[in-house]
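**Student:** Just one file: final-v1.txt, with compact mmCIF, C-alpha atoms.
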```txt
# COMPACT_ATOMS: atom_id res chain seq x y z
CA MET A 120 0.00 0.00 0.00
CA HIS A 121 1.32 3.44 -0.93
CA TYR A 122 0.80 6.24 1.59
CA SER A 123 0.63 9.87 0.59
CA GLN A 124 3.04 12.49 1.86
CA SER A 125 0.46 13.82 4.34
CA GLU A 126 -0.47 10.32 5.57
CA LYS A 127 3.18 9.51 6.32
CA TYR A 128 3.47 12.79 8.21
CA GLU A 129 0.32 12.00 10.23
CA MET A 130 1.74 8.60 11.19
CA ILE A 131 5.00 10.14 12.39
CA GLN A 132 3.21 12.73 14.52
CA LEU A 133 0.89 10.12 16.01
CA VAL A 134 3.78 7.86 17.02
CA GLU A 135 5.65 10.80 18.57
CA GLN A 136 2.63 11.82 20.63
CA SER A 137 1.29 8.39 21.59
CA ASP A 138 1.55 7.23 25.20
CA LEU A 139 1.51 3.58 24.13
CA GLY A 140 5.11 3.34 22.98
CA ILE A 141 6.42 3.04 19.44
CA ASN A 142 5.97 -0.70 18.90
CA ARG A 143 2.42 -0.87 20.24
CA THR A 144 1.33 2.24 18.35
CA LEU A 145 2.76 0.92 15.09
CA LYS A 146 0.97 -2.37 15.69
CA GLU A 147 -2.35 -0.57 16.19
CA LEU A 148 -1.77 1.38 12.97
CA LYS A 149 -0.60 -1.74 11.09
CA ILE A 150 2.62 -0.03 9.99
CA ASN A 151 5.82 -2.04 9.54
CA LYS A 152 8.56 -0.86 11.89
CA THR A 153 11.23 -0.72 9.18
CA THR A 154 8.92 1.25 6.90
CA PHE A 155 8.19 3.73 9.69
CA TYR A 156 11.85 4.32 10.49
CA ASN A 157 12.62 4.87 6.80
CA TRP A 158 9.95 7.59 6.76
CA TYR A 159 11.21 9.05 10.02
CA ASN A 160 14.83 9.25 8.83
CA LEU A 161 13.76 11.04 5.64
CA TYR A 162 11.57 13.41 7.65
CA THR A 163 14.42 14.21 10.07
CA GLN A 164 16.85 14.89 7.22
CA LYS A 165 14.64 16.74 4.73
CA GLY A 166 11.45 17.71 6.55
CA PHE A 167 8.02 17.35 4.98
CA GLU A 168 9.49 17.22 1.48
CA GLY A 169 11.43 14.10 2.37
CA LEU A 170 8.16 12.17 2.70
CA ALA A 171 7.15 12.72 -0.93
CA ARG A 172 7.37 9.81 -3.34
CA LYS A 173 10.32 10.04 -5.71
CA LYS A 174 9.36 11.29 -9.13
CA SER A 175 11.14 10.87 -12.43
CA GLU A 176 13.04 13.92 -13.61
CA ARG A 177 11.26 16.16 -16.08
CA VAL A 178 12.73 18.26 -18.81
CA GLY A 179 12.17 21.99 -18.36
CA THR A 180 11.42 24.30 -15.42
CA TRP A 181 8.34 26.16 -16.61
CA ASN A 182 6.80 25.91 -13.14
CA LYS A 183 9.65 27.66 -11.34
CA ILE A 184 8.55 30.38 -8.90
CA ASN A 185 9.68 33.84 -10.04
CA ILE A 186 11.64 36.21 -7.82
CA VAL A 187 8.69 38.55 -7.16
CA ASP A 188 6.54 35.71 -5.82
CA ARG A 189 9.45 34.33 -3.79
CA ASP A 190 9.88 37.75 -2.17
CA LYS A 191 6.14 37.83 -1.41
CA VAL A 192 6.46 34.53 0.49
CA VAL A 193 9.27 35.94 2.61
CA GLU A 194 7.36 39.18 3.18
CA ILE A 195 4.26 37.38 4.46
CA ALA A 196 6.34 35.09 6.65
CA LEU A 197 7.84 38.18 8.29
CA GLU A 198 4.46 39.88 8.68
CA LYS A 199 2.77 36.76 10.08
CA PRO A 200 5.39 34.76 12.01
CA GLU A 201 2.66 32.70 13.68
CA LEU A 202 1.83 30.96 10.39
CA SER A 203 3.49 27.69 9.41
CA SER A 204 4.81 27.22 5.86
CA ARG A 205 1.60 25.32 5.05
CA GLU A 206 -0.56 28.19 6.28
CA VAL A 207 1.50 30.80 4.41
CA ALA A 208 0.85 28.88 1.17
CA TRP A 209 -2.92 28.85 1.62
CA HIS A 210 -2.97 32.43 2.92
CA ILE A 211 -1.39 33.52 -0.38
CA THR A 212 -3.81 31.42 -2.44
CA ASP A 213 -6.88 32.76 -0.62
CA ASN A 214 -5.85 36.40 -0.32
CA TYR A 215 -3.72 37.13 -3.40
CA ASN A 216 -5.53 35.00 -6.01
CA TYR A 217 -2.27 33.24 -6.81
CA TYR A 218 -1.43 29.57 -6.23
CA ILE A 219 1.81 28.40 -4.66
CA SER A 220 2.33 24.91 -3.24
CA GLU A 221 3.10 24.12 0.40
CA SER A 222 6.39 22.46 -0.56
CA SER A 223 7.47 25.54 -2.55
CA VAL A 224 6.79 27.82 0.43
CA TYR A 225 8.66 25.46 2.74
CA ARG A 226 11.66 25.39 0.37
CA ILE A 227 11.71 29.19 0.00
CA LEU A 228 11.52 29.77 3.75
CA LYS A 229 14.21 27.18 4.40
CA GLU A 230 16.51 28.78 1.81
CA ASN A 231 16.04 32.14 3.56
CA GLY A 232 16.82 30.78 7.01
CA PHE A 233 13.29 30.77 8.41
CA ILE A 234 13.28 27.00 8.97
CA SER A 235 16.32 25.29 10.43
CA SER A 236 14.77 21.87 11.12
CA PRO A 237 11.47 20.10 10.39
CA SER A 238 8.89 22.40 11.93
CA PHE A 239 5.21 21.96 11.23
CA ARG A 240 2.07 22.54 13.20
CA ILE A 241 1.42 19.00 14.36
CA MET A 242 -1.60 17.14 13.07
CA SER A 243 -2.78 13.94 14.62
CA ALA A 244 -3.91 10.69 13.06
CA SER A 245 -5.20 9.59 16.43
CA ASP A 246 -8.61 11.02 15.72
CA SER A 247 -9.82 8.17 13.52
CA PHE A 248 -13.01 6.55 14.65
CA HIS A 249 -14.41 3.25 13.41
CA ASP A 250 -17.81 4.69 12.54
CA LYS A 251 -16.69 7.93 10.91
CA THR A 252 -19.02 10.89 10.70
CA THR A 253 -20.17 12.18 7.31
CA ALA A 254 -21.85 15.44 8.33
CA VAL A 255 -21.86 18.04 11.08
CA ASN A 256 -23.67 17.41 14.36
CA GLN A 257 -23.58 13.62 13.96
CA MET A 258 -21.16 13.23 16.86
CA TRP A 259 -19.69 15.59 19.42
CA GLN A 260 -16.49 14.97 21.33
CA THR A 261 -16.30 16.36 24.85
CA ASP A 262 -13.60 16.53 27.49
CA PHE A 263 -12.21 18.58 30.36
CA THR A 264 -8.81 20.19 30.65
CA TYR A 265 -7.51 22.34 33.47
CA PHE A 266 -5.78 25.64 34.23
CA LYS A 267 -4.32 27.07 37.42
CA ILE A 268 -5.36 30.67 38.07
CA PHE A 269 -3.19 32.58 40.54
CA GLY A 270 -5.08 33.23 43.76
CA TRP A 271 -8.09 31.21 42.60
CA GLY A 272 -6.79 27.66 42.26
CA TRP A 273 -7.68 25.13 39.57
CA TYR A 274 -10.36 25.79 36.95
CA TYR A 275 -11.65 23.31 34.39
CA LEU A 276 -12.53 23.92 30.77
CA SER A 277 -15.44 21.86 29.43
CA THR A 278 -15.53 21.80 25.62
CA ILE A 279 -17.74 20.29 22.93
CA LEU A 280 -16.13 19.80 19.52
CA ASP A 281 -18.02 18.70 16.42
CA ASP A 282 -16.38 15.50 15.21
CA TYR A 283 -16.87 16.08 11.47
CA SER A 284 -15.79 19.72 11.21
CA ARG A 285 -13.65 20.06 14.38
CA TYR A 286 -15.65 23.21 15.09
CA ILE A 287 -15.78 24.23 18.76
CA VAL A 288 -19.53 24.27 19.30
CA THR A 289 -19.30 25.59 22.84
CA TRP A 290 -17.08 25.75 25.90
CA LYS A 291 -17.48 26.67 29.57
CA LEU A 292 -14.97 27.49 32.28
CA CYS A 293 -16.00 25.67 35.47
CA SER A 294 -14.77 25.56 39.05
CA THR A 295 -15.58 21.81 39.24
CA MET A 296 -15.77 18.76 36.96
CA ARG A 297 -19.23 17.46 37.89
CA ALA A 298 -21.96 15.98 35.75
CA GLU A 299 -23.84 19.26 36.10
CA ASP A 300 -20.97 21.06 34.37
CA VAL A 301 -21.15 18.57 31.51
CA THR A 302 -24.93 18.91 31.11
CA ASN A 303 -24.69 22.72 31.13
CA THR A 304 -22.12 22.55 28.32
CA ILE A 305 -24.31 20.17 26.30
CA ASP A 306 -27.34 22.43 26.81
CA ALA A 307 -25.35 25.36 25.41
CA ALA A 308 -24.23 23.26 22.43
CA ILE A 309 -27.79 22.16 21.67
CA ALA A 310 -29.00 25.77 21.84
CA PHE A 311 -26.23 26.97 19.51
CA SER A 312 -26.50 24.17 16.95
CA GLY A 313 -30.28 24.01 16.81
CA VAL A 314 -30.38 20.20 16.76
CA ASN A 315 -33.69 18.60 17.69
CA GLU A 316 -34.69 15.39 19.46
CA LYS A 317 -34.95 13.48 16.18
CA SER A 318 -31.39 14.30 15.12
CA MET A 319 -29.42 14.49 18.35
CA PRO A 320 -25.68 13.87 17.95
CA ARG A 321 -23.85 11.03 19.63
CA LEU A 322 -21.62 12.10 22.51
CA LEU A 323 -18.07 10.74 22.71
CA SER A 324 -16.20 11.11 26.01
CA ASP A 325 -13.61 9.36 28.13
CA ASN A 326 -14.38 7.42 31.29
CA GLY A 327 -13.97 10.23 33.79
CA SER A 328 -16.20 10.10 36.87
CA CYS A 329 -18.49 12.88 35.61
CA TYR A 330 -19.03 11.02 32.33
CA ILE A 331 -19.96 7.68 33.89
CA SER A 332 -22.28 9.14 36.52
CA HIS A 333 -25.95 8.19 36.81
CA GLU A 334 -26.85 11.87 36.66
CA LEU A 335 -25.33 12.25 33.20
CA ALA A 336 -26.81 8.92 32.04
CA ASP A 337 -30.30 10.12 33.01
CA TYR A 338 -29.73 13.42 31.20
CA ILE A 339 -28.48 11.67 28.04
CA GLY A 340 -31.56 9.42 28.09
CA GLU A 341 -33.91 12.40 28.43
CA LYS A 342 -32.23 14.15 25.51
CA ASN A 343 -32.51 11.07 23.29
CA MET A 344 -28.75 11.03 22.78
CA LYS A 345 -26.37 8.09 22.51
CA HIS A 346 -23.29 8.16 24.74
CA ILE A 347 -20.06 6.51 23.57
CA ARG A 348 -17.15 6.17 25.97
CA GLY A 349 -13.73 5.68 24.44
CA ARG A 350 -11.54 2.69 25.14
CA PRO A 351 -8.74 3.60 27.58
CA LEU A 352 -5.14 3.74 26.26
CA HIS A 353 -6.21 3.42 22.64
CA PRO A 354 -4.52 5.76 20.11
CA GLN A 355 -7.71 6.19 18.06
CA ASN A 356 -9.95 7.53 20.76
CA GLN A 357 -10.62 11.25 21.37
CA GLY A 358 -7.75 12.44 19.24
CA LYS A 359 -9.54 15.47 17.80
CA ILE A 360 -10.41 17.18 21.07
CA GLU A 361 -7.14 16.12 22.69
CA ARG A 362 -5.24 17.63 19.76
CA TYR A 363 -7.32 20.78 20.09
CA HIS A 364 -6.38 21.01 23.77
CA ARG A 365 -2.68 20.78 22.90
CA SER A 366 -2.96 23.49 20.24
CA MET A 367 -4.96 25.71 22.56
CA LYS A 368 -2.62 25.34 25.55
CA ASN A 369 0.43 26.07 23.39
CA ILE A 370 -0.98 29.57 22.98
CA VAL A 371 -3.24 30.22 25.95
CA LYS A 372 -0.72 29.03 28.53
CA LEU A 373 1.87 31.53 27.32
CA ASP A 374 0.23 34.07 29.65
CA ASN A 375 -0.47 34.06 33.40
CA TYR A 376 -4.03 34.64 34.60
CA PHE A 377 -5.08 36.22 37.86
CA SER A 378 -8.86 35.83 37.54
CA PRO A 379 -11.28 33.51 35.71
CA GLY A 380 -12.43 36.51 33.68
CA GLN A 381 -8.95 37.03 32.23
CA LEU A 382 -8.77 33.39 31.17
CA GLU A 383 -12.24 33.51 29.63
CA GLU A 384 -11.29 36.54 27.50
CA LYS A 385 -8.21 34.73 26.23
CA MET A 386 -10.29 31.64 25.48
CA LYS A 387 -12.82 33.69 23.50
CA GLU A 388 -9.97 35.10 21.43
CA PHE A 389 -8.41 31.70 20.78
CA VAL A 390 -11.67 29.91 19.93
CA GLN A 391 -12.51 32.68 17.45
CA TYR A 392 -9.09 32.21 15.84
CA TYR A 393 -9.31 28.41 15.86
CA ASN A 394 -12.84 28.23 14.44
CA TYR A 395 -12.71 31.02 11.86
CA GLU A 396 -9.08 31.75 10.93
CA ARG A 397 -6.78 28.78 11.45
CA TYR A 398 -6.31 26.56 8.39
CA HIS A 399 -6.78 22.94 9.48
CA GLU A 400 -4.62 20.48 7.56
CA SER A 401 -6.99 17.55 8.10
CA LEU A 402 -9.83 19.64 6.61
CA LYS A 403 -8.01 20.27 3.30
CA ASN A 404 -6.66 23.52 4.78
CA VAL A 405 -9.96 25.28 5.34
CA THR A 406 -11.24 26.42 8.72
CA PRO A 407 -13.57 24.42 11.00
CA ALA A 408 -16.21 27.13 10.63
CA GLU A 409 -16.19 26.79 6.84
CA VAL A 410 -16.86 23.07 7.15
CA TYR A 411 -19.44 23.46 9.94
CA PHE A 412 -21.44 26.14 8.10
CA GLY A 413 -21.08 24.52 4.67
CA THR A 414 -18.91 27.06 2.81
CA ALA A 415 -15.76 24.91 2.49
CA GLU A 416 -16.56 23.39 -0.90
CA ARG A 417 -17.01 26.82 -2.43
CA LYS A 418 -13.56 27.87 -1.20
CA LEU A 419 -11.99 24.62 -2.48
CA ARG A 420 -13.52 25.18 -5.93
CA LYS A 421 -12.16 28.72 -5.98
CA ARG A 422 -8.71 27.46 -5.00
CA LYS A 423 -8.78 24.95 -7.85
CA MET A 424 -9.60 27.72 -10.32
CA THR A 425 -6.82 29.88 -8.87
CA LYS A 426 -4.33 27.04 -9.21
CA ASN A 427 -5.31 26.34 -12.81
CA SER A 428 -5.12 30.00 -13.81
CA THR A 429 -1.75 30.44 -12.08
CA LEU A 430 -0.20 27.43 -13.80
CA LYS A 431 -1.65 28.51 -17.14
CA ALA A 432 -0.14 31.98 -16.72
CA ARG A 433 3.26 30.52 -15.85
CA LYS A 434 3.21 28.28 -18.94
CA LYS A 435 2.26 31.25 -21.12
CA THR A 436 5.10 33.36 -19.71
CA VAL A 437 7.67 30.65 -20.30
CA SER A 438 6.33 29.99 -23.80
CA LYS A 439 6.79 33.65 -24.72
CA PHE A 440 10.30 33.62 -23.30
CA LEU A 441 11.29 30.52 -25.29
CA THR A 442 9.82 31.97 -28.50
CA LYS A 443 11.76 35.19 -28.04
CA LEU A 444 14.92 33.23 -27.27
CA ALA A 445 14.49 31.17 -30.44
CA GLU A 446 13.99 34.31 -32.56
CA THR A 447 17.14 35.86 -31.09
CA SER A 448 19.14 32.70 -31.84
CA LEU A 449 18.03 32.72 -35.50
CA LYS A 450 19.54 36.17 -36.00
CA PHE A 451 22.95 34.74 -35.30
```
Just dump the structure as structure tokens.
**Tutor:**
Amino acid sequence: MHYSQSEKYEMIQLVEQSDLGINRTLKELKINKTTFYNWYNLYTQKGFEGLARKKSERVGTWNKINIVDRDKVVEIALEKPELSSREVAWHITDNYNYYISESSVYRILKENGFISSPSFRIMSASDSFHDKTTAVNQMWQTDFTYFKIFGWGWYYLSTILDDYSRYIVTWKLCSTMRAEDVTNTIDAAIAFSGVNEKSMPRLLSDNGSCYISHELADYIGEKNMKHIRGRPLHPQNQGKIERYHRSMKNIVKLDNYFSPGQLEEKMKEFVQYYNYERYHESLKNVTPAEVYFGTAERKLRKRKMTKNSTLKARKKTVSKFLTKLAETSLKF
């Protein structure tokens, strides 16, 4: 079986993040150990590009990026240092009506000293689920994570993430992790999403005490929902919401908070960014909001048109250059 460049990258990130150990994780993923280490060595040496399948050499360089566009890549990377090379590529495509590949951006940034070693915003393959969702609001993932607020103690963030789109449907900062906190979060998600009793999403959680309580079970039954609890220590469990927590904490925990209100303001800012601005690699580099609200396909069609027009323009430019070169040669 041949894996794509992105699939190999996902496998590497999953193994690095898994708590099960390399051998057990590879066994769960059905990946040969030798094959994995070959990928890993290429990734360590050459970064994301090293995971691409080898292609036969082609004659000609009509698709070479010109100096003006290369300078634009560097300019945007300086203006927006928070963006990865992947995100810079799609930012240019969406905002400048000009297509440039992720690998080209990575190569340009590396040549200019912006990237010294493989550095990508990590994506996780641990979010696979046996019965995969095919539309929004079919299944919600929920979990708690915690923060320490100076002078206030520990506070707990209850979040509901839509499994299909990875959109953060709702979140609540709580002083406890009780079943009541979970039900309040679900109530807010139901109100926001507008789902009804005939189309209630499944709820996926871990086996924390609040999630296995009779109080929550009664609530789930009243709401006509189905509750799925993940298998402990399995790499393909709640990967999506766990990965969200890691991304969120990498930013939110950069600051200290001295009141719950301060933390809530920072969370509002991050969720807005995550839902509406951050390109998600597992969503074909659109945002969770675009998938959740059904506008993603329109953006993907526009990107395809931009790519085709860009490549056509490059071919035309090169063709003119070669014609002029041939005419000049004939004079001699």
**Student:** Skip A:Met367 itself and residues of its chain fewer than 5 positions away, then list as a list of chain:residue names all residues within 12 Å of it, counting all atoms listed in the file.
**Tutor:** A:Thr264, A:Tyr265, A:Phe266, A:Leu276, A:Thr278, A:Ile287, A:Ile360, A:Glu361, A:Arg362, A:Lys372, A:Leu373, A:Lys385, A:Met386, A:Lys387, A:Glu388, A:Phe389, A:Val390, A:Gln391, A:Tyr392, A:Tyr393, A:Asn394, A:Arg397
**Student:** In Å, rounded to a single decimal, give me how far atom CA of A:Val207 is from atom CA of A:Val187.
**Tutor:**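 A separation of 15.7 Å between them.
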**Student:** Using all atoms listed in the file, find the one residue out of A:Ser312, A:Lys191, A:Leu292, A:Gly232 that sits nearest to A:Gln381.
**Tutor:** A:Leu292
**Student:** Work out where the centre of an axis-aligned box around every listed atom of stretch 336-349 of chain A lies and how long its edges are once 3 Å is added on each side; give both in Å to one decimal as lines of an AutoDock Vina configuration file.
**Tutor:**
```
center_x = -23.8
center_y = 9.9
center_z = 27.8
size_x = 26.2
size_y = 14.5
size_z = 16.5
```
**Student:** Work out how far atom CA of A:Arg285 is from atom CA of A:Val192, in Å to one decimal.
**Tutor:**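 Taking atom CA of A:Val192 and atom CA of A:Arg285, their separation equals 28.4 Å.
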**Student:** By how many Å are atom CA of A:Tyr225 and atom CA of A:Leu430 apart?
**Tutor:**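 Going from atom CA of A:Tyr225 over to atom CA of A:Leu430 covers 18.9 Å.
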**Student:** Looking at all atoms listed in the file, which of A:Ser428, A:Phe233, A:Ser401, A:Gly270 is the one that sits closest to A:Tyr128?
**Tutor:**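 Of the candidates, the smallest distance to A:Tyr128 is held by A:Ser401.
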**Student:** Would you mind putting back N, CA and C atoms on stretch 198-216 of chain A, then writing it out as a PDB file, keeping the file's coordinate frame?
**Tutor:**
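Wrote it out as selection26.pdb, contents follow:
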```
ATOM      1  N   GLU A 198       5.628  39.178   8.157  1.00  0.00           N
ATOM      2  CA  GLU A 198       4.460  39.880   8.680  1.00  0.00           C
ATOM      3  C   GLU A 198       3.637  38.992   9.620  1.00  0.00           C
ATOM      4  N   LYS A 199       3.599  37.685   9.320  1.00  0.00           N
ATOM      5  CA  LYS A 199       2.770  36.760  10.080  1.00  0.00           C
ATOM      6  C   LYS A 199       3.616  35.583  10.582  1.00  0.00           C
ATOM      7  N   PRO A 200       4.484  35.825  11.548  1.00  0.00           N
ATOM      8  CA  PRO A 200       5.390  34.760  12.010  1.00  0.00           C
ATOM      9  C   PRO A 200       4.670  33.591  12.681  1.00  0.00           C
ATOM     10  N   GLU A 201       3.404  33.784  13.041  1.00  0.00           N
ATOM     11  CA  GLU A 201       2.660  32.700  13.680  1.00  0.00           C
ATOM     12  C   GLU A 201       2.209  31.627  12.700  1.00  0.00           C
ATOM     13  N   LEU A 202       2.283  31.914  11.394  1.00  0.00           N
ATOM     14  CA  LEU A 202       1.830  30.960  10.390  1.00  0.00           C
ATOM     15  C   LEU A 202       2.925  29.967  10.045  1.00  0.00           C
ATOM     16  N   SER A 203       2.555  28.707   9.892  1.00  0.00           N
ATOM     17  CA  SER A 203       3.490  27.690   9.410  1.00  0.00           C
ATOM     18  C   SER A 203       3.654  27.853   7.906  1.00  0.00           C
ATOM     19  N   SER A 204       4.619  27.139   7.309  1.00  0.00           N
ATOM     20  CA  SER A 204       4.810  27.220   5.860  1.00  0.00           C
ATOM     21  C   SER A 204       3.541  26.790   5.128  1.00  0.00           C
ATOM     22  N   ARG A 205       2.865  25.770   5.652  1.00  0.00           N
ATOM     23  CA  ARG A 205       1.600  25.320   5.050  1.00  0.00           C
ATOM     24  C   ARG A 205       0.568  26.443   5.050  1.00  0.00           C
ATOM     25  N   GLU A 206       0.441  27.132   6.166  1.00  0.00           N
ATOM     26  CA  GLU A 206      -0.560  28.190   6.280  1.00  0.00           C
ATOM     27  C   GLU A 206      -0.209  29.403   5.424  1.00  0.00           C
ATOM     28  N   VAL A 207       1.086  29.698   5.293  1.00  0.00           N
ATOM     29  CA  VAL A 207       1.500  30.800   4.410  1.00  0.00           C
ATOM     30  C   VAL A 207       1.060  30.509   2.983  1.00  0.00           C
ATOM     31  N   ALA A 208       1.228  29.251   2.541  1.00  0.00           N
ATOM     32  CA  ALA A 208       0.850  28.880   1.170  1.00  0.00           C
ATOM     33  C   ALA A 208      -0.630  29.130   0.920  1.00  0.00           C
ATOM     34  N   TRP A 209      -1.483  28.688   1.839  1.00  0.00           N
ATOM     35  CA  TRP A 209      -2.920  28.850   1.620  1.00  0.00           C
ATOM     36  C   TRP A 209      -3.377  30.279   1.874  1.00  0.00           C
ATOM     37  N   HIS A 210      -2.660  31.001   2.723  1.00  0.00           N
ATOM     38  CA  HIS A 210      -2.970  32.430   2.920  1.00  0.00           C
ATOM     39  C   HIS A 210      -2.742  33.185   1.610  1.00  0.00           C
ATOM     40  N   ILE A 211      -1.658  32.864   0.912  1.00  0.00           N
ATOM     41  CA  ILE A 211      -1.390  33.520  -0.380  1.00  0.00           C
ATOM     42  C   ILE A 211      -2.451  33.155  -1.404  1.00  0.00           C
ATOM     43  N   THR A 212      -2.794  31.862  -1.467  1.00  0.00           N
ATOM     44  CA  THR A 212      -3.810  31.420  -2.440  1.00  0.00           C
ATOM     45  C   THR A 212      -5.150  32.102  -2.204  1.00  0.00           C
ATOM     46  N   ASP A 213      -5.560  32.211  -0.935  1.00  0.00           N
ATOM     47  CA  ASP A 213      -6.880  32.760  -0.620  1.00  0.00           C
ATOM     48  C   ASP A 213      -6.938  34.279  -0.698  1.00  0.00           C
ATOM     49  N   ASN A 214      -5.810  34.948  -0.421  1.00  0.00           N
ATOM     50  CA  ASN A 214      -5.850  36.400  -0.320  1.00  0.00           C
ATOM     51  C   ASN A 214      -5.202  37.146  -1.481  1.00  0.00           C
ATOM     52  N   TYR A 215      -4.399  36.467  -2.288  1.00  0.00           N
ATOM     53  CA  TYR A 215      -3.720  37.130  -3.400  1.00  0.00           C
ATOM     54  C   TYR A 215      -4.085  36.530  -4.753  1.00  0.00           C
ATOM     55  N   ASN A 216      -5.042  35.586  -4.755  1.00  0.00           N
ATOM     56  CA  ASN A 216      -5.530  35.000  -6.010  1.00  0.00           C
ATOM     57  C   ASN A 216      -4.385  34.447  -6.847  1.00  0.00           C
TER      58      ASN A 216
END
```
